[in-house]
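Colleague: Quick one: structure below, then a few questions.
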Amino acid sequence: MRTLRTRGLENQVLTRASASAPGACGELAQGMLEGNLVMVTCPIDLFSTATVEISRGAGVVHGPDNSPKSSMAVAKTLQHLGRTDVNARLHLESPLPRQKGMASSTADIIASIGATAVALGESLPVVRQAELALAIEPSDGTMFPGVTLFDHRTGLVARPLGDPPPMEVLVLEFVDQVDTEAFNQVDRRPLLERRSGRFLEAFRLITAGLEAGDGGLIGMGATLDAIAYQDVYPNRYLEAGLALARTTGAVGVNVAHSGTVVGLLFLDDPEQTAWAARQARATLSGLISTHRRRLIGGGLTVGQPG
């Protein structure tokens, strides 16, 4: 099946559908568990929305020049559904910053898969969505409902942990970027294995917090993991984030383990989060933006997010 990223034939549109997928503020935790590389997802209410138009054709996909992986996702979905009798045109809208660790690529890919399936009158199980995404690149687990423990390279581990309690995330976006493809080419398993005990403790705290609806435990676990991961892949803004968290009363700090964003985790208090955002903009070097978001459950939404 061919994937084209240039404008092609102007065929009559037979069907059209949109779907949205959430981004993330890095991960609540990431490390080794029982020999598997895993993450604990941190979905936020910032979404990528894909619109797919279906016309008669031969399996050709037209998509944005700057989103070849999303066009590939549409092509793989057509192939999976056995629809080589149609063409697809993809449109993407996303406010998610790129190469910062906010799952922008995963959100684009999952939204594209979902919109294609819906446009064709099909429904893909979330496990199939994950398989299609992983066939393109290592992916965040934000396609799964709730917060999920996920093996972002193979998909062999996909364990739902439950929905988060009401919590806000102040996403601190810095000027630096990370090439995720280059990051994923480096084998960090030996370093992660030596720190698997710290990850396990962080994972237990986060799991207990989700089960009890206790944001404080979730924050403790995320902070423990963020600090431990400094020996694996340092985030040069973490210390400043930790200091700001202490000053503003955040219950914890999390990071993008293959990015540069730092998240301050708060209980459901918009005024406190707003004050922390002002403090961040006034004091943090290298900061280019703050995003006041909510911690949510993951999963695909048909149409625009509510």
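Numbering starts fresh at 1 for the residues of each chain in the structure tokens, the chains themselves are lettered A, B, ... in the order given, and ligands are numbered from 1 as they appear.
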Can you list every residue in stretch 94-207 of chain A that DSSP puts in helix (DSSP H, G or I), as an MDAnalysis selection string?
Modeller: chainID A and resid 104:119 126:134 180:184 189:194 196:207
Colleague: Leaving out A:Glu34 and any residue of its chain fewer than 2 positions from it, which residues lie within 10 Å of it when counting only C-alpha atoms, given as a PDB file with N, CA and C atoms, in the first residue's frame?
Modeller:
ATOM      1  N   MET A  32      12.017  -0.446  34.652  1.00  0.00           N
ATOM      2  CA  MET A  32      11.997  -1.881  34.394  1.00  0.00           C
ATOM      3  C   MET A  32      11.087  -2.558  35.405  1.00  0.00           C
ATOM      4  N   ASN A  36      10.726  -6.123  31.792  1.00  0.00           N
ATOM      5  CA  ASN A  36      10.121  -5.362  30.700  1.00  0.00           C
ATOM      6  C   ASN A  36      10.342  -3.870  30.894  1.00  0.00           C
ATOM      7  N   LEU A  37      10.601  -3.176  29.783  1.00  0.00           N
ATOM      8  CA  LEU A  37      10.653  -1.717  29.794  1.00  0.00           C
ATOM      9  C   LEU A  37       9.224  -1.202  29.786  1.00  0.00           C
ATOM     10  N   VAL A  38       8.834  -0.470  30.832  1.00  0.00           N
ATOM     11  CA  VAL A  38       7.445  -0.043  30.954  1.00  0.00           C
ATOM     12  C   VAL A  38       7.360   1.422  31.376  1.00  0.00           C
ATOM     13  N   GLU A 193      17.846  -1.587  34.980  1.00  0.00           N
ATOM     14  CA  GLU A 193      17.808  -2.790  35.815  1.00  0.00           C
ATOM     15  C   GLU A 193      18.383  -2.517  37.201  1.00  0.00           C
ATOM     16  N   SER A 196      15.744  -0.805  39.273  1.00  0.00           N
ATOM     17  CA  SER A 196      14.400  -1.375  39.208  1.00  0.00           C
ATOM     18  C   SER A 196      13.699  -1.349  40.561  1.00  0.00           C
ATOM     19  N   LEU A 200      10.034   0.098  41.216  1.00  0.00           N
ATOM     20  CA  LEU A 200       8.992  -0.723  41.810  1.00  0.00           C
ATOM     21  C   LEU A 200       8.322   0.007  42.972  1.00  0.00           C
TER      22      LEU A 200
END
Colleague: I want to know what sits within 9 Å of stretch 282-284 of chain A, based on only C-alpha atoms, with residues of the same chain fewer than 3 positions away left out; could you give that as number ranges by chain?
Modeller: A: 237, 240-241, 244, 277-279, 287
Colleague: May I have the residues within 9 Å of A:Leu210 as a PyMOL selection string, using only C-alpha atoms and disregarding those fewer than 3 positions away in the same chain?
Modeller: chain A and resi 147+161-165+205-207+213-215+217-218
Colleague: Those residues with C-alpha atoms, as a short mmCIF file (atom, residue, chain, number, x, y, z; two decimals), in the first residue's frame please?
Modeller:
data_model
loop_
_atom_site.label_atom_id
_atom_site.label_comp_id
_atom_site.auth_asym_id
_atom_site.auth_seq_id
_atom_site.Cartn_x
_atom_site.Cartn_y
_atom_site.Cartn_z
CA VAL A 147 -3.82 5.37 33.64
CA LEU A 161 -4.36 0.84 36.76
CA GLY A 162 -7.58 2.84 37.08
CA ASP A 163 -8.83 6.36 36.60
CA PRO A 164 -6.95 9.23 38.26
CA PRO A 165 -8.52 11.29 41.05
CA LEU A 205 2.91 4.29 45.43
CA ILE A 206 1.23 5.37 42.18
CA THR A 207 -0.90 2.22 42.07
CA GLY A 213 -8.05 8.15 44.91
CA ASP A 214 -5.11 9.71 46.76
CA GLY A 215 -3.29 12.29 44.65
CA LEU A 217 0.53 9.09 46.88
CA ILE A 218 0.55 9.50 43.11
#
Colleague: Stretch 72-79 of chain A: which residues within 6 Å, counting only C-alpha atoms, same-chain residues fewer than 4 positions away excluded, as a list in words?
Modeller: Arg83, Ile109, Ser112 and Ile113 of chain A
Colleague: I need the residue nearest A:Ala133 from this list: A:Arg194, A:Arg159, A:Arg89, A:Arg153. Use only C-alpha atoms for the distance.
Modeller: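 Closest to A:Ala133, using only C-alpha atoms: A:Arg153.
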Colleague: Sorted by chain and rising residue number, list the residues of stretch 41-157 of chain A at most 12 Å from stretch 250-274 of chain A (counting only C-alpha atoms), each with its closest atom pair and distance in Å to one decimal, as a Markdown table.
Modeller:
| residue | atom | partner | partner_atom | distance |
| --- | --- | --- | --- | --- |
| A:Thr41 | CA | A:Ala256 | CA | 10.4 |
| A:Cys42 | CA | A:Asn254 | CA | 9.0 |
| A:Pro43 | CA | A:Gly263 | CA | 11.7 |
| A:Ile44 | CA | A:Gly263 | CA | 10.8 |
| A:Leu96 | CA | A:Val261 | CA | 11.9 |
| A:Pro97 | CA | A:Val261 | CA | 10.1 |
| A:Arg98 | CA | A:Gly259 | CA | 9.7 |
| A:Gln99 | CA | A:Gly259 | CA | 6.6 |
| A:Lys100 | CA | A:Gly259 | CA | 4.7 |
| A:Gly101 | CA | A:Gly259 | CA | 4.0 |
| A:Met102 | CA | A:Ala256 | CA | 7.3 |
| A:Ala103 | CA | A:Ala256 | CA | 9.3 |
| A:Ser104 | CA | A:Gly259 | CA | 11.3 |
| A:Pro138 | CA | A:Ser258 | CA | 11.4 |
| A:Ser139 | CA | A:Ser258 | CA | 11.5 |
| A:Asp140 | CA | A:Ser258 | CA | 10.9 |
| A:His152 | CA | A:Ser258 | CA | 11.8 |
Colleague: Store the residues of this selection in a file with C-alpha atoms, as a CSV table (one decimal), in the first residue's frame.
Modeller:
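Just written: again_39.csv:
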chain,number,residue,atom,x,y,z
A,41,THR,CA,1.0,6.9,31.5
A,42,CYS,CA,0.2,10.5,32.4
A,43,PRO,CA,-2.6,11.6,30.0
A,44,ILE,CA,-3.7,15.2,30.0
A,96,LEU,CA,0.8,19.6,21.4
A,97,PRO,CA,4.4,20.8,21.3
A,98,ARG,CA,6.8,18.6,19.4
A,99,GLN,CA,9.9,16.8,20.7
A,100,LYS,CA,9.2,17.8,24.3
A,101,GLY,CA,7.9,14.5,25.7
A,102,MET,CA,4.2,15.3,25.4
A,103,ALA,CA,3.2,12.2,23.3
A,104,SER,CA,2.4,14.4,20.3
A,138,PRO,CA,7.6,3.1,20.1
A,139,SER,CA,4.4,4.7,21.5
A,140,ASP,CA,3.0,6.1,24.7
A,152,HIS,CA,6.0,1.2,25.0
Colleague: Any idea what's packed within 8 Å of A:Glu93, counting only C-alpha atoms, ignoring anything in its chain fewer than 3 positions away? Could you give it as an MDAnalysis selection string?
Modeller: chainID A and resid 48:50
Colleague: Take the residues that were just selected and, keeping N, CA and C atoms, output them as a compact mmCIF listing (two decimals), in the first residue's frame.
Modeller:
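Okay, selection.txt is ready:
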# COMPACT_ATOMS: atom_id res chain seq x y z
N SER A 48 -4.85 15.81 20.17
CA SER A 48 -4.67 15.86 18.72
C SER A 48 -5.96 15.36 18.08
N THR A 49 -6.43 16.06 17.06
CA THR A 49 -7.65 15.66 16.36
C THR A 49 -7.34 15.39 14.89
N ALA A 50 -7.74 14.22 14.43
CA ALA A 50 -7.55 13.82 13.03
C ALA A 50 -8.91 13.75 12.35
Colleague: Take atom CA of A:Leu120 and atom CA of A:Gly23 and report the distance between them in Å, one decimal.
Modeller: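 Atom CA of A:Gly23 lies 24.7 Å from atom CA of A:Leu120.
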Colleague: So that I can check the secondary structure, give me every residue of stretch 76-302 of chain A assigned strand (DSSP E or B) by backbone DSSP, as an MDAnalysis selection string.
Modeller: chainID A and resid 86:93 146:150 158:162 167:174 252:255 262:267 287:295 298 301:302
Colleague: Can you work out which one of A:Thr148, A:Thr142, A:Thr106, A:Ser70 has the shortest atom-to-atom distance to A:Asp45, counting only C-alpha atoms?
Modeller: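 Of A:Thr148, A:Thr142, A:Thr106, A:Ser70, the one nearest A:Asp45, counting only C-alpha atoms, is A:Thr142.
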Colleague: Smallest atom-to-atom distance to A:Thr301: which of A:Gln12, A:Ser20, A:Thr247, A:Thr180, using only C-alpha atoms?
Modeller: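 Once distances to A:Thr301 are computed over only C-alpha atoms, the minimum belongs to A:Ser20.
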Colleague: Which is closest to A:Ala29 among A:Gln129, A:Ser289, A:Thr223, A:Gln304, if we use only C-alpha atoms?
Modeller: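 Among the listed residues, the smallest separation from A:Ala29 belongs to A:Thr223.
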Colleague: Would you work out the distance separating atom CA of A:Thr84 from atom CA of A:Leu156, expressed in Å to one decimal?
Modeller: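 Straight-line distance from atom CA of A:Thr84 to atom CA of A:Leu156 works out to 29.2 Å.
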Colleague: Do you know which residues are at most 7 Å from A:Arg292 counting only C-alpha atoms, after dropping those on the same chain fewer than 2 positions away, and could you put them as a PDB file with N, CA, C and O atoms, in the first residue's frame?
Modeller:
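Wrote out_21.pdb, looks like this:
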ATOM      1  N   VAL A 169      -2.223  19.276  36.407  1.00  0.00           N
ATOM      2  CA  VAL A 169      -0.815  19.171  36.042  1.00  0.00           C
ATOM      3  C   VAL A 169      -0.383  20.509  35.447  1.00  0.00           C
ATOM      4  O   VAL A 169      -0.987  20.976  34.474  1.00  0.00           O
ATOM      5  N   LEU A 170       0.607  21.112  36.044  1.00  0.00           N
ATOM      6  CA  LEU A 170       1.206  22.299  35.451  1.00  0.00           C
ATOM      7  C   LEU A 170       2.402  21.836  34.634  1.00  0.00           C
ATOM      8  O   LEU A 170       3.436  21.436  35.180  1.00  0.00           O
ATOM      9  N   VAL A 171       2.237  21.854  33.318  1.00  0.00           N
ATOM     10  CA  VAL A 171       3.289  21.387  32.419  1.00  0.00           C
ATOM     11  C   VAL A 171       4.251  22.536  32.160  1.00  0.00           C
ATOM     12  O   VAL A 171       3.853  23.600  31.669  1.00  0.00           O
ATOM     13  N   THR A 290       3.909  27.615  29.891  1.00  0.00           N
ATOM     14  CA  THR A 290       3.289  26.758  30.900  1.00  0.00           C
ATOM     15  C   THR A 290       1.928  26.325  30.369  1.00  0.00           C
ATOM     16  O   THR A 290       1.247  27.083  29.664  1.00  0.00           O
TER      17      THR A 290
END
Colleague: Mind giving me the straight-line distance from atom CA of A:Ser285 to atom CA of A:Thr248 in Å, one decimal?
Modeller: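 Atom CA of A:Thr248 lies at a distance of 17.2 Å from atom CA of A:Ser285.
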